[in-house]
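Everything below belongs to structure-v6.pdb, which stores PDB, C-alpha atoms and all ligand atoms.
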MODEL        1
ATOM      1  CA  MET J   1    -112.549  15.367 263.761
ATOM      2  CA  ILE J   2    -113.794  11.815 264.186
ATOM      3  CA  ALA J   3    -117.326  12.961 263.391
ATOM      4  CA  VAL J   4    -116.164  14.652 260.201
ATOM      5  CA  ASN J   5    -114.302  11.540 259.198
ATOM      6  CA  LEU J   6    -117.359   9.444 259.937
ATOM      7  CA  MET J   7    -119.574  11.740 257.857
ATOM      8  CA  THR J   8    -117.281  11.662 254.878
ATOM      9  CA  LYS J   9    -116.968   7.925 255.218
ATOM     10  CA  GLN J  10    -120.746   7.527 255.276
ATOM     11  CA  LEU J  11    -121.150   9.963 252.424
ATOM     12  CA  ARG J  12    -118.488   8.197 250.403
ATOM     13  CA  ALA J  13    -120.165   4.874 251.036
ATOM     14  CA  SER J  14    -123.573   6.107 249.995
ATOM     15  CA  LEU J  15    -122.141   7.748 246.865
ATOM     16  CA  ALA J  16    -120.357   4.537 245.994
ATOM     17  CA  ALA J  17    -123.562   2.577 246.545
ATOM     18  CA  ARG J  18    -125.434   4.926 244.270
ATOM     19  CA  ARG J  19    -122.761   4.675 241.573
ATOM     20  CA  TYR J  20    -122.804   0.908 241.871
ATOM     21  CA  TYR J  21    -126.593   0.886 241.535
ATOM     22  CA  GLU J  22    -126.508   3.095 238.455
ATOM     23  CA  ARG J  23    -124.015   0.816 236.776
ATOM     24  CA  ASN J  24    -125.714  -2.445 237.807
ATOM     25  CA  ARG J  25    -129.338  -1.455 237.909
ATOM     26  CA  ASP J  26    -130.741  -4.728 236.518
ATOM     27  CA  LYS J  27    -128.526  -6.867 238.711
ATOM     28  CA  VAL J  28    -129.520  -4.998 241.870
ATOM     29  CA  ASN J  29    -133.212  -4.951 240.985
ATOM     30  CA  ASN J  30    -133.173  -8.679 240.282
ATOM     31  CA  LYS J  31    -131.501  -9.323 243.592
ATOM     32  CA  VAL J  32    -134.124  -7.226 245.393
ATOM     33  CA  ARG J  33    -136.886  -9.068 243.553
ATOM     34  CA  GLU J  34    -135.415 -12.409 244.577
ATOM     35  CA  TRP J  35    -135.041 -11.298 248.156
ATOM     36  CA  ARG J  36    -138.699 -10.254 248.161
ATOM     37  CA  LYS J  37    -139.711 -13.634 246.778
ATOM     38  CA  ASP J  38    -137.749 -15.440 249.497
ATOM     39  CA  ASN J  39    -139.061 -13.141 252.229
ATOM     40  CA  PRO J  40    -142.696 -12.494 251.353
ATOM     41  CA  GLY J  41    -143.466 -11.060 254.777
ATOM     42  CA  GLY J  42    -140.073  -9.359 255.017
ATOM     43  CA  ALA J  43    -140.687  -6.703 252.373
ATOM     44  CA  LEU J  44    -143.952  -5.743 253.988
ATOM     45  CA  GLU J  45    -142.315  -5.749 257.394
ATOM     46  CA  ARG J  46    -139.481  -3.556 256.111
ATOM     47  CA  GLY J  47    -141.944  -1.101 254.577
ATOM     48  CA  ARG J  48    -143.918  -0.983 257.782
ATOM     49  CA  LYS J  49    -140.776  -0.386 259.810
ATOM     50  CA  TRP J  50    -139.603   2.347 257.474
ATOM     51  CA  ARG J  51    -142.974   4.102 257.623
ATOM     52  CA  LYS J  52    -142.963   3.874 261.406
ATOM     53  CA  GLU J  53    -139.536   5.487 261.540
ATOM     54  CA  ASN J  54    -140.416   8.156 258.956
ATOM     55  CA  VAL J  55    -143.905   9.210 260.008
ATOM     56  CA  GLU J  56    -143.322  12.836 259.083
ATOM     57  CA  LYS J  57    -141.934  11.948 255.648
ATOM     58  CA  CYS J  58    -144.958   9.728 254.972
ATOM     59  CA  ARG J  59    -147.338  12.460 256.043
ATOM     60  CA  GLU J  60    -145.552  14.929 253.788
ATOM     61  CA  TYR J  61    -145.739  12.493 250.886
ATOM     62  CA  ARG J  62    -149.467  11.872 251.374
ATOM     63  CA  ARG J  63    -150.117  15.592 251.657
ATOM     64  CA  GLY J  64    -148.309  16.180 248.348
ATOM     65  CA  TRP J  65    -150.143  13.331 246.659
ATOM     66  CA  ARG J  66    -153.529  14.624 247.805
ATOM     67  CA  LYS J  67    -152.658  18.097 246.557
ATOM     68  CA  ASN J  68    -151.635  16.764 243.131
ATOM     69  CA  ASN J  69    -154.580  14.378 242.751
ATOM     70  CA  PRO J  70    -157.692  16.195 243.981
ATOM     71  CA  GLU J  71    -160.038  14.254 241.695
ATOM     72  CA  ARG J  72    -158.604  10.930 242.888
ATOM     73  CA  VAL J  73    -159.110  12.042 246.506
ATOM     74  CA  LEU J  74    -162.722  12.926 245.786
ATOM     75  CA  GLU J  75    -163.257   9.669 243.935
ATOM     76  CA  GLN J  76    -161.847   7.652 246.824
ATOM     77  CA  ALA J  77    -163.926   9.558 249.379
ATOM     78  CA  ARG J  78    -167.077   8.974 247.321
ATOM     79  CA  LYS J  79    -166.276   5.299 246.936
ATOM     80  CA  SER J  80    -165.673   4.688 250.624
ATOM     81  CA  MET J  81    -168.788   6.710 251.524
ATOM     82  CA  LYS J  82    -170.850   4.620 249.112
ATOM     83  CA  GLU J  83    -169.439   1.395 250.546
ATOM     84  CA  TRP J  84    -170.180   2.546 254.063
ATOM     85  CA  ARG J  85    -173.759   3.458 253.105
ATOM     86  CA  GLU J  86    -174.269   0.058 251.496
ATOM     87  CA  LYS J  87    -172.954  -1.695 254.591
ATOM     88  CA  ASN J  88    -175.054   0.434 256.981
ATOM     89  CA  PRO J  89    -178.260   1.264 255.099
ATOM     90  CA  GLY J  90    -180.422   2.049 258.136
ATOM     91  CA  LEU J  91    -177.740   4.006 259.927
ATOM     92  CA  ALA J  92    -176.903   6.049 256.803
ATOM     93  CA  ALA J  93    -180.544   7.102 256.393
ATOM     94  CA  ASP J  94    -180.817   7.959 260.095
ATOM     95  CA  ARG J  95    -177.695  10.105 259.962
ATOM     96  CA  GLN J  96    -178.894  11.942 256.892
ATOM     97  CA  ARG J  97    -182.236  12.605 258.565
ATOM     98  CA  GLU J  98    -180.416  13.972 261.626
ATOM     99  CA  ARG J  99    -178.215  16.238 259.523
ATOM    100  CA  ARG J 100    -181.225  17.495 257.591
ATOM    101  CA  LYS J 101    -183.055  18.236 260.840
ATOM    102  CA  ALA J 102    -180.045  20.111 262.235
ATOM    103  CA  ASN J 103    -179.519  22.226 259.064
ATOM    104  CA  PRO J 104    -182.811  22.413 257.159
ATOM    105  CA  ASP J 105    -181.860  25.613 255.298
ATOM    106  CA  LYS J 106    -178.494  24.270 254.216
ATOM    107  CA  TYR J 107    -180.125  21.077 252.942
ATOM    108  CA  ARG J 108    -182.797  22.953 251.030
ATOM    109  CA  ARG J 109    -180.148  25.194 249.455
ATOM    110  CA  ASN J 110    -177.983  22.231 248.471
ATOM    111  CA  GLU J 111    -180.934  20.331 247.062
ATOM    112  CA  ARG J 112    -181.889  23.327 244.972
ATOM    113  CA  LEU J 113    -178.326  23.703 243.698
ATOM    114  CA  TYR J 114    -178.228  19.994 242.897
ATOM    115  CA  ASP J 115    -181.554  20.125 241.051
ATOM    116  CA  LEU J 116    -180.642  23.238 239.065
ATOM    117  CA  LYS J 117    -177.366  21.718 237.967
ATOM    118  CA  ASN J 118    -178.479  18.134 237.327
ATOM    119  CA  LYS J 119    -182.095  18.493 236.214
ATOM    120  CA  TYR J 120    -181.922  21.776 234.328
ATOM    121  CA  GLY J 121    -178.216  22.319 233.679
ATOM    122  CA  ILE J 122    -178.179  25.917 234.960
ATOM    123  CA  THR J 123    -176.521  27.827 237.795
ATOM    124  CA  PRO J 124    -178.448  29.862 240.426
ATOM    125  CA  GLU J 125    -177.089  32.990 238.678
ATOM    126  CA  GLU J 126    -178.580  31.916 235.342
ATOM    127  CA  TRP J 127    -181.886  31.210 237.078
ATOM    128  CA  GLU J 128    -181.824  34.710 238.586
ATOM    129  CA  ILE J 129    -181.039  36.355 235.221
ATOM    130  CA  THR J 130    -183.970  34.523 233.594
ATOM    131  CA  PHE J 131    -186.356  35.486 236.389
ATOM    132  CA  GLU J 132    -185.246  39.119 236.118
ATOM    133  CA  ALA J 133    -185.803  39.028 232.314
ATOM    134  CA  GLN J 134    -189.312  37.636 232.912
ATOM    135  CA  GLY J 135    -190.065  40.691 235.080
ATOM    136  CA  ARG J 136    -189.824  38.660 238.310
ATOM    137  CA  CYS J 137    -193.184  37.029 237.655
ATOM    138  CA  CYS J 138    -194.612  33.831 236.143
ATOM    139  CA  ALA J 139    -193.718  33.510 232.426
ATOM    140  CA  GLY J 140    -197.270  32.213 231.795
ATOM    141  CA  CYS J 141    -199.902  34.107 233.787
ATOM    142  CA  LYS J 142    -197.587  36.946 235.006
ATOM    143  CA  THR J 143    -198.539  36.516 238.657
ATOM    144  CA  THR J 144    -195.980  37.492 241.292
ATOM    145  CA  ILE J 145    -197.328  34.871 243.730
ATOM    146  CA  PRO J 146    -195.456  31.622 243.142
ATOM    147  CA  GLY J 147    -197.723  29.193 245.004
ATOM    148  CA  LYS J 148    -197.185  27.056 248.088
ATOM    149  CA  ARG J 149    -194.066  25.245 246.891
ATOM    150  CA  GLY J 150    -192.361  28.304 245.447
ATOM    151  CA  TRP J 151    -191.351  29.142 241.877
ATOM    152  CA  GLN J 152    -191.191  26.146 239.554
ATOM    153  CA  THR J 153    -188.335  25.697 237.142
ATOM    154  CA  ASP J 154    -189.938  24.447 233.959
ATOM    155  CA  ASN J 155    -188.028  22.214 231.575
ATOM    156  CA  CYS J 156    -188.777  20.349 228.368
ATOM    157  CA  HIS J 157    -189.752  16.813 229.334
ATOM    158  CA  GLU J 158    -188.168  15.345 226.226
ATOM    159  CA  THR J 159    -184.793  17.080 226.121
ATOM    160  CA  GLY J 160    -184.651  18.260 229.733
ATOM    161  CA  ALA J 161    -183.712  21.761 228.536
ATOM    162  CA  PHE J 162    -184.578  24.635 230.849
ATOM    163  CA  ARG J 163    -187.499  26.700 229.503
ATOM    164  CA  ALA J 164    -188.835  29.221 231.980
ATOM    165  CA  ILE J 165    -189.866  29.961 235.541
ATOM    166  CA  LEU J 166    -193.538  29.379 236.251
ATOM    167  CA  CYS J 167    -195.985  29.651 239.114
ATOM    168  CA  GLN J 168    -197.255  26.364 240.477
ATOM    169  CA  PRO J 169    -200.655  26.331 238.655
ATOM    170  CA  CYS J 170    -199.052  27.174 235.283
ATOM    171  CA  ASN J 171    -196.418  24.494 235.739
ATOM    172  CA  LEU J 172    -199.090  21.963 236.666
ATOM    173  CA  ALA J 173    -201.262  22.972 233.685
ATOM    174  CA  ILE J 174    -198.444  22.692 231.167
ATOM    175  CA  GLY J 175    -197.698  19.185 232.433
ATOM    176  CA  LEU J 176    -201.333  18.084 232.385
ATOM    177  CA  LEU J 177    -201.639  19.321 228.805
ATOM    178  CA  LYS J 178    -198.624  17.184 227.855
ATOM    179  CA  ASP J 179    -196.467  20.214 226.913
ATOM    180  CA  SER J 180    -198.566  20.441 223.737
ATOM    181  CA  PRO J 181    -198.853  23.855 221.999
ATOM    182  CA  LYS J 182    -201.588  22.351 219.832
ATOM    183  CA  ILE J 183    -203.820  21.444 222.796
ATOM    184  CA  LEU J 184    -203.206  24.869 224.335
ATOM    185  CA  ARG J 185    -204.095  26.645 221.048
ATOM    186  CA  ASN J 186    -207.248  24.537 220.638
ATOM    187  CA  LEU J 187    -208.325  25.359 224.173
ATOM    188  CA  ALA J 188    -207.524  29.048 223.680
ATOM    189  CA  SER J 189    -209.632  29.289 220.532
ATOM    190  CA  LEU J 190    -212.385  27.358 222.291
ATOM    191  CA  LEU J 191    -212.402  29.958 225.069
ATOM    192  CA  GLU J 192    -212.267  32.866 222.609
ATOM    193  CA  HIS J 193    -215.081  31.357 220.557
ATOM    194  CA  THR J 194    -217.313  30.869 223.605
ATOM    195  CA  LYS J 195    -216.651  34.431 224.731
ATOM    196  CA  GLU J 196    -217.639  35.826 221.326
ATOM    197  CA  ASN J 197    -220.945  33.941 221.497
ATOM    198  CA  GLN J 198    -221.779  35.129 224.986
TER     199      GLN J 198
HETATM  200 ZN    ZN F   1    -198.460  31.283 236.209
ENDMDL
END

Take the structure from the file and write it as C-alpha cells.
Amino acid sequence: MIAVNLMTKQLRASLAARRYYERNRDKVNNKVREWRKDNPGGALERGRKWRKENVEKCREYRRGWRKNNPERVLEQARKSMKEWREKNPGLAADRQRERRKANPDKYRRNERLYDLKNKYGITPEEWEITFEAQGRCCAGCKTTIPGKRGWQTDNCHETGAFRAILCQPCNLAIGLLKDSPKILRNLASLLEHTKENQ
C-alpha cells in the first residue's frame, strides 16, 4: 500500500513538474542556462553522471542515430581514417601493404571496381555486356588474347567517356597516335597504297 502511495506521489510530482515546465518554459530554460553559466563544469559533470547511469539508454540512442544517419557515419569514419593516416603516414602505408599481401585477389578486385566506377563511370556488369557485344575479343584487332596486363578499358582522354575494350597493343597504339582518327586514316591509306604498289 505504501509502495502504491509512493508511486502515485512520485507520478503526481513528475506530472506537476511537467505541467509547470510547459507553462513556464522560458523561465525554466533561463534558470537552467544561468545554472550552467554558474557551474561550467557542473553541466558536463551531470551529463557524464547521467550517461554513466544510463549506459544502455545511451547505447540505444547511438544505435538509432547511426541507423538514421548512415551517410554521416560514413563521413565521420572517412574523416577519422584520413586524420589517422595523416598522423601515421609510414604506418598507414605499411598496414595497407600488409593487407594487400594477405588478400591480393580482394585488392585487385576492389581496385578494378574503383577504376571502372571512377575512371570510366561503368559497372562490372556494363563492362561485361560491352565485351559480350564485341564478341569477347579486342574491338580493334579482334584478337582473343588480351596481353600480359589483361583487357584494357579504353576511354576518351578528353571527356573520360568509356569507349571500348581493347587488347594491350591496340590500347597502346591508340594512345601513341593521340586518339586521332586522321592519323590512323593516313596510316591506313599509306599501308594500302604501298600494298597496291608491291
Ligand atoms: Zn587489339

Taking all atoms of stretch 120-132 of chain J that the file lists, what box with edges along x, y and z, padded by 4 Å per side, do you get, with centre and edge lengths in Å to one decimal, as AutoDock Vina command-line options?
--center_x -181.4 --center_y 30.4 --center_z 237.0 --size_x 17.8 --size_y 25.3 --size_z 14.8

Residues matched by the PyMOL selection byres (((chain J and resi 99-115) around 12) and not hetatm) as a ChimeraX atom specification: /J:92-98,116-127,150-155,160,162

Could you please take those selected residues and save C-alpha atoms as a JSON list (two decimals), in the frame of the given file?
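File part.json, as written:
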[["chain", "number", "residue", "atom", "x", "y", "z"],
["J", 92, "ALA", "CA", -176.90, 6.05, 256.80],
["J", 93, "ALA", "CA", -180.54, 7.10, 256.39],
["J", 94, "ASP", "CA", -180.82, 7.96, 260.10],
["J", 95, "ARG", "CA", -177.70, 10.10, 259.96],
["J", 96, "GLN", "CA", -178.89, 11.94, 256.89],
["J", 97, "ARG", "CA", -182.24, 12.60, 258.56],
["J", 98, "GLU", "CA", -180.42, 13.97, 261.63],
["J", 116, "LEU", "CA", -180.64, 23.24, 239.06],
["J", 117, "LYS", "CA", -177.37, 21.72, 237.97],
["J", 118, "ASN", "CA", -178.48, 18.13, 237.33],
["J", 119, "LYS", "CA", -182.10, 18.49, 236.21],
["J", 120, "TYR", "CA", -181.92, 21.78, 234.33],
["J", 121, "GLY", "CA", -178.22, 22.32, 233.68],
["J", 122, "ILE", "CA", -178.18, 25.92, 234.96],
["J", 123, "THR", "CA", -176.52, 27.83, 237.80],
["J", 124, "PRO", "CA", -178.45, 29.86, 240.43],
["J", 125, "GLU", "CA", -177.09, 32.99, 238.68],
["J", 126, "GLU", "CA", -178.58, 31.92, 235.34],
["J", 127, "TRP", "CA", -181.89, 31.21, 237.08],
["J", 150, "GLY", "CA", -192.36, 28.30, 245.45],
["J", 151, "TRP", "CA", -191.35, 29.14, 241.88],
["J", 152, "GLN", "CA", -191.19, 26.15, 239.55],
["J", 153, "THR", "CA", -188.34, 25.70, 237.14],
["J", 154, "ASP", "CA", -189.94, 24.45, 233.96],
["J", 155, "ASN", "CA", -188.03, 22.21, 231.58],
["J", 160, "GLY", "CA", -184.65, 18.26, 229.73],
["J", 162, "PHE", "CA", -184.58, 24.64, 230.85]]

Distance filter 10 Å around ligand ZN 1 (chain F), atoms: all atoms listed in the file, out as a PyMOL selection string: chain J and resi 137-147+151-152+165-174

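Across J:Ala16, J:Cys156, J:Ala164, J:Leu190, the tightest approach to J:Lys178 is made by J:Cys156 when counting all atoms listed in the file.
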
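Computed from the coordinates, the atom CA of J:Ser80 to atom CA of J:Arg63 distance equals 19.0 Å.
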
For stretch 65-99 of chain J, write N, CA and C atoms out as a tab-separated table (two decimals), in the first residue's frame.
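Once written, part.tsv looks like this:
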chain	number	residue	atom	x	y	z
J	65	TRP	N	20.69	6.58	-33.85
J	65	TRP	CA	21.26	7.70	-34.62
J	65	TRP	C	22.05	7.18	-35.82
J	66	ARG	N	22.85	6.15	-35.56
J	66	ARG	CA	23.66	5.57	-36.65
J	66	ARG	C	22.77	5.03	-37.76
J	67	LYS	N	21.65	4.40	-37.33
J	67	LYS	CA	20.74	3.81	-38.31
J	67	LYS	C	20.09	4.89	-39.17
J	68	ASN	N	19.78	6.04	-38.52
J	68	ASN	CA	19.09	7.12	-39.24
J	68	ASN	C	20.04	8.01	-40.04
J	69	ASN	N	21.34	7.93	-39.75
J	69	ASN	CA	22.29	8.82	-40.43
J	69	ASN	C	23.46	8.05	-41.04
J	70	PRO	N	23.16	7.10	-41.93
J	70	PRO	CA	24.26	6.27	-42.45
J	70	PRO	C	25.34	7.08	-43.16
J	71	GLU	N	24.91	8.15	-43.88
J	71	GLU	CA	25.93	8.91	-44.63
J	71	GLU	C	26.82	9.72	-43.68
J	72	ARG	N	26.23	10.16	-42.54
J	72	ARG	CA	27.04	10.88	-41.56
J	72	ARG	C	28.05	9.93	-40.91
J	73	VAL	N	27.62	8.69	-40.67
J	73	VAL	CA	28.50	7.68	-40.07
J	73	VAL	C	29.70	7.44	-40.98
J	74	LEU	N	29.39	7.28	-42.27
J	74	LEU	CA	30.43	7.01	-43.26
J	74	LEU	C	31.40	8.19	-43.34
J	75	GLU	N	30.81	9.38	-43.34
J	75	GLU	CA	31.60	10.61	-43.43
J	75	GLU	C	32.56	10.72	-42.24
J	76	GLN	N	32.02	10.43	-41.04
J	76	GLN	CA	32.84	10.50	-39.84
J	76	GLN	C	33.96	9.46	-39.88
J	77	ALA	N	33.60	8.25	-40.32
J	77	ALA	CA	34.61	7.17	-40.39
J	77	ALA	C	35.72	7.56	-41.35
J	78	ARG	N	35.33	8.12	-42.51
J	78	ARG	CA	36.31	8.53	-43.51
J	78	ARG	C	37.22	9.61	-42.96
J	79	LYS	N	36.61	10.56	-42.25
J	79	LYS	CA	37.35	11.69	-41.71
J	79	LYS	C	38.38	11.20	-40.68
J	80	SER	N	37.93	10.33	-39.77
J	80	SER	CA	38.87	9.90	-38.73
J	80	SER	C	39.95	9.01	-39.33
J	81	MET	N	39.60	8.23	-40.39
J	81	MET	CA	40.60	7.40	-41.05
J	81	MET	C	41.65	8.27	-41.72
J	82	LYS	N	41.17	9.35	-42.36
J	82	LYS	CA	42.07	10.27	-43.06
J	82	LYS	C	43.01	10.93	-42.05
J	83	GLU	N	42.44	11.36	-40.93
J	83	GLU	CA	43.26	12.01	-39.89
J	83	GLU	C	44.31	11.05	-39.36
J	84	TRP	N	43.89	9.81	-39.15
J	84	TRP	CA	44.83	8.81	-38.63
J	84	TRP	C	45.96	8.60	-39.64
J	85	ARG	N	45.59	8.50	-40.92
J	85	ARG	CA	46.61	8.28	-41.96
J	85	ARG	C	47.60	9.43	-42.00
J	86	GLU	N	47.07	10.66	-41.86
J	86	GLU	CA	47.94	11.83	-41.91
J	86	GLU	C	48.88	11.88	-40.71
J	87	LYS	N	48.39	11.40	-39.57
J	87	LYS	CA	49.22	11.38	-38.37
J	87	LYS	C	50.25	10.27	-38.40
J	88	ASN	N	49.91	9.15	-39.08
J	88	ASN	CA	50.81	7.99	-39.12
J	88	ASN	C	51.12	7.57	-40.55
J	89	PRO	N	51.78	8.43	-41.31
J	89	PRO	CA	51.94	8.14	-42.75
J	89	PRO	C	52.66	6.82	-43.03
J	90	GLY	N	53.77	6.58	-42.33
J	90	GLY	CA	54.53	5.36	-42.58
J	90	GLY	C	53.74	4.13	-42.21
J	91	LEU	N	53.13	4.19	-41.03
J	91	LEU	CA	52.38	3.06	-40.50
J	91	LEU	C	51.19	2.72	-41.40
J	92	ALA	N	50.52	3.77	-41.91
J	92	ALA	CA	49.34	3.57	-42.77
J	92	ALA	C	49.75	2.82	-44.03
J	93	ALA	N	50.88	3.23	-44.63
J	93	ALA	CA	51.35	2.57	-45.85
J	93	ALA	C	51.73	1.13	-45.57
J	94	ASP	N	52.41	0.91	-44.43
J	94	ASP	CA	52.80	-0.46	-44.05
J	94	ASP	C	51.58	-1.35	-43.91
J	95	ARG	N	50.57	-0.83	-43.22
J	95	ARG	CA	49.36	-1.63	-42.97
J	95	ARG	C	48.67	-1.97	-44.28
J	96	GLN	N	48.62	-0.99	-45.18
J	96	GLN	CA	47.97	-1.25	-46.46
J	96	GLN	C	48.72	-2.33	-47.23
J	97	ARG	N	50.06	-2.23	-47.18
J	97	ARG	CA	50.88	-3.22	-47.87
J	97	ARG	C	50.61	-4.62	-47.30
J	98	GLU	N	50.52	-4.69	-45.96
J	98	GLU	CA	50.24	-5.98	-45.31
J	98	GLU	C	48.89	-6.54	-45.74
J	99	ARG	N	47.88	-5.66	-45.76
J	99	ARG	CA	46.53	-6.11	-46.13
J	99	ARG	C	46.51	-6.59	-47.58
